[in-house]
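Engineer: Structure in structure tokens, see below.
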Amino acid sequence: MGSSGFLIIPWLLLATSAALFSAGVSSGENTPAVFVFGDSILDTGNNNYLPTLSKCNFPPYGRNFPGGKPTGRLGISAALFCAGVDSGESNPAAVYAFGDSIMDTGNNDYILTRARCDYPPYGRNFPGGKPTGRFSDGKIIPDLIVENLGIKDLLSPYLDPNLGPEDLMTGVAFASGGCGFDPETIRSMMALSIPTQLILFQEYKDKLKANIGEQRSDDIINRSLYLLSSGNNDIGSTYFLTNRHLEYDMTSYAAFLAIQASEFLVELYKLGARKIGVFSTLVPGCVPQGRTVGGGGERECAEDFNELARLYNGKLIYEIEYLNDHLPGLKIVFVDLYGPLVGIIQDPQRYGFDVIKESCCCTDTTTAILCNQSCPSTCSDTSEYIFWDGVHPTEKTYEILVFEIWEYINQLL
């Protein structure tokens, strides 16, 4: 059924209920009950109790409701969002994630690296309350995307030794926290490099082919959704905290990163990818670590960090447009995280946040990036915080961001 059907049925039901109610009143009889079905036009709060991005359990929803609190009653924008993801026939066969910690669902647990989060308080709000290698308190972007596409609840890391056949058929993450396009980033963080992630993807393709045959595996590879996030570590750490800023001005460094991204996308295309979502950076100057390093005594946003991110994002868009024009059958969509995150930071109360500059967990004093295992000062309520640690958003922030960027994902379905 199309999205129009989902919108018409509740209104017909509402009209019918109203007619019965009117008839009951006019005849002196009361209608015994009213039952409603459909989308957000008639949802009085069911989505509060489901694993879905279509939630409105935060201010300013409910502002004029008795008591002035959010109750789970949605607006029309969420109804359109539901209609947008309810197209099962066009959904991808699988989802593959590449890049850095925005996409890493646990690969770094299985390699020797400085970028680890396999200890509490990471995973505090994840199902089971245990750390899983995700750089947040709960689910991250690729988990939320596969969940809302109806593919599965979580995107597993490829290096997980417990992967089953179903995991292989529906997608995995190859991303590695600390990854970047600059080789200096890889050397310092000891993450899986972008070329290494491509090698692992080829290995994965061979496994898939052996399990289900060449024809089916090729069909899955060609019909799948590919996600890439990188550049955050290059900008937030490598450029400003090493000699890179002496070797490149910001414009040339942004160009260098964008060219590296373009080369990766070409190689991914050669391996069968046809639908790719390329994510912008976050807002590196406004994350807690960026504020600490470059924001001065008041810990304002470090504008030079943000300027470099904007330069890179702009050059990335240019490279994407070029590849879309020159590689047959390829569709790459630039997914803007930067803009929506700026919106959250500038108007946090709109989304129910109280803390902007600080992270929920107490970060390591040397890097100000990851949670400090020995620090007891982890916040009691993550829903008040935009950021979980020095650079990574909380699950709540990720949920809002995925809601905001779904228009880009829809273009790839």
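Letters A, B, ... go to the chains of the structure tokens in the order shown; residues in each chain start at 1; ligands are counted from 1 in the same order.
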Excluding same-chain residues fewer than 5 positions from Cys301 (chain A), what lies within 7 Å of it counting only C-alpha atoms, as a list in words?
Structural biologist: Gly285, Cys286, Arg291 and Gly295 of chain A
Engineer: I need the strand (DSSP E) residues of region 88-294 of chain A per DSSP on the backbone, written as a PyMOL selection string.
Structural biologist: chain A and resi 95-99+225-229+275-279
Engineer: Would you tabulate, counting only C-alpha atoms, all residues of region 124-238 of chain A that have an atom at most 7 Å from an atom of region 393-404 of chain A, showing the closest pair of atoms and their distance in Å to one decimal, sorted by chain then ascending number, as a tab-separated table?
Structural biologist:
```
residue	atom	partner	partner_atom	distance
A:Ser136	CA	A:Thr394	CA	5.7
A:Asp137	CA	A:Thr394	CA	6.0
A:Gly138	CA	A:Glu395	CA	5.3
A:Lys139	CA	A:Glu395	CA	5.6
A:Ile140	CA	A:Glu395	CA	6.2
A:Ile141	CA	A:Tyr398	CA	6.1
```
Engineer: Would you write out those residues with all heavy atoms, as a PDB file, in the first residue's frame?
Structural biologist:
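To be explicit, this is the file written out as again_2.pdb:
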```pdb
ATOM      1  N   SER A 136      29.603   5.485  21.803  1.00  0.00           N
ATOM      2  CA  SER A 136      28.463   6.243  22.313  1.00  0.00           C
ATOM      3  C   SER A 136      27.881   5.486  23.500  1.00  0.00           C
ATOM      4  O   SER A 136      28.389   4.428  23.886  1.00  0.00           O
ATOM      5  CB  SER A 136      27.403   6.448  21.228  1.00  0.00           C
ATOM      6  OG  SER A 136      26.399   7.356  21.655  1.00  0.00           O
ATOM      7  N   ASP A 137      26.802   6.037  24.053  1.00  0.00           N
ATOM      8  CA  ASP A 137      26.127   5.357  25.145  1.00  0.00           C
ATOM      9  C   ASP A 137      25.171   4.285  24.655  1.00  0.00           C
ATOM     10  O   ASP A 137      24.714   3.453  25.429  1.00  0.00           O
ATOM     11  CB  ASP A 137      25.354   6.368  25.996  1.00  0.00           C
ATOM     12  CG  ASP A 137      24.295   7.096  25.183  1.00  0.00           C
ATOM     13  OD1 ASP A 137      24.647   7.675  24.136  1.00  0.00           O
ATOM     14  OD2 ASP A 137      23.112   7.104  25.584  1.00  0.00           O
ATOM     15  N   GLY A 138      24.840   4.300  23.365  1.00  0.00           N
ATOM     16  CA  GLY A 138      23.872   3.348  22.824  1.00  0.00           C
ATOM     17  C   GLY A 138      24.106   3.111  21.344  1.00  0.00           C
ATOM     18  O   GLY A 138      25.237   2.965  20.887  1.00  0.00           O
ATOM     19  N   LYS A 139      23.008   3.082  20.604  1.00  0.00           N
ATOM     20  CA  LYS A 139      23.093   2.838  19.166  1.00  0.00           C
ATOM     21  C   LYS A 139      23.683   4.053  18.450  1.00  0.00           C
ATOM     22  O   LYS A 139      23.608   5.178  18.933  1.00  0.00           O
ATOM     23  CB  LYS A 139      21.705   2.532  18.603  1.00  0.00           C
ATOM     24  CG  LYS A 139      21.096   1.237  19.124  1.00  0.00           C
ATOM     25  CD  LYS A 139      19.720   0.988  18.522  1.00  0.00           C
ATOM     26  CE  LYS A 139      19.103  -0.304  19.054  1.00  0.00           C
ATOM     27  NZ  LYS A 139      17.771  -0.561  18.473  1.00  0.00           N
ATOM     28  N   ILE A 140      24.260   3.770  17.277  1.00  0.00           N
ATOM     29  CA  ILE A 140      24.840   4.834  16.473  1.00  0.00           C
ATOM     30  C   ILE A 140      24.181   4.840  15.099  1.00  0.00           C
ATOM     31  O   ILE A 140      23.271   4.054  14.829  1.00  0.00           O
ATOM     32  CB  ILE A 140      26.375   4.710  16.369  1.00  0.00           C
ATOM     33  CG1 ILE A 140      26.778   3.396  15.718  1.00  0.00           C
ATOM     34  CG2 ILE A 140      26.998   4.814  17.762  1.00  0.00           C
ATOM     35  CD1 ILE A 140      28.277   3.271  15.460  1.00  0.00           C
ATOM     36  N   ILE A 141      24.615   5.729  14.229  1.00  0.00           N
ATOM     37  CA  ILE A 141      23.920   5.988  12.972  1.00  0.00           C
ATOM     38  C   ILE A 141      23.627   4.741  12.137  1.00  0.00           C
ATOM     39  O   ILE A 141      22.482   4.542  11.714  1.00  0.00           O
ATOM     40  CB  ILE A 141      24.678   7.054  12.154  1.00  0.00           C
ATOM     41  CG1 ILE A 141      24.419   8.440  12.762  1.00  0.00           C
ATOM     42  CG2 ILE A 141      24.274   7.039  10.680  1.00  0.00           C
ATOM     43  CD1 ILE A 141      25.174   9.575  12.084  1.00  0.00           C
TER      44      ILE A 141
END
```
Engineer: Counting only C-alpha atoms, which residue out of A:Asn108, A:Asn222, A:Gln197, A:Asn125 sits closest to Lys275 (chain A)?
Structural biologist: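 Residue with the minimum atom-to-atom distance to Lys275 (chain A): A:Asn222.
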Engineer: Please list as a list in words every residue within 8 Å of Ile320 (chain A), counting only C-alpha atoms and excluding residues in the same chain fewer than 3 positions away.
Structural biologist: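 Neighbouring residues, sequence-local ones excluded: Ser262, Leu316, Ile317, Leu323, Asn324, Ile332, Val333 and Phe334 of chain A.
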Engineer: Keeping only C-alpha atoms, write the selected residues as a PDB file, in the first residue's frame.
Structural biologist:
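Result file selection_14.pdb:
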```pdb
ATOM      1  CA  SER A 262      36.906  10.425  -4.322  1.00  0.00           C
ATOM      2  CA  LEU A 316      33.514  16.727  -1.142  1.00  0.00           C
ATOM      3  CA  ILE A 317      30.249  17.842  -2.748  1.00  0.00           C
ATOM      4  CA  LEU A 323      31.586  11.050  -9.967  1.00  0.00           C
ATOM      5  CA  ASN A 324      27.808  11.021 -10.434  1.00  0.00           C
ATOM      6  CA  ILE A 332      26.092   9.178  -4.536  1.00  0.00           C
ATOM      7  CA  VAL A 333      24.239  11.469  -2.145  1.00  0.00           C
ATOM      8  CA  PHE A 334      25.990  13.931   0.147  1.00  0.00           C
TER       9      PHE A 334
END
```
Engineer: I'd like to know which of A:Leu246, A:Leu42, A:Met169, A:Tyr239 is closest to Lys209 (chain A), using only C-alpha atoms.
Structural biologist: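 Of all the options, A:Met169 lies closest to Lys209 (chain A).
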Engineer: A:Asn306, A:Thr292, A:Asn243, A:Thr71: which is nearest Tyr49 (chain A), counting only C-alpha atoms?
Structural biologist: A:Thr71
Engineer: Compare A:Ser224, A:Asn232, A:Leu265, A:Asp304 by their minimum atom-to-atom distance to Asp249 (chain A), counting only C-alpha atoms, and give me the closest one.
Structural biologist: A:Asp304
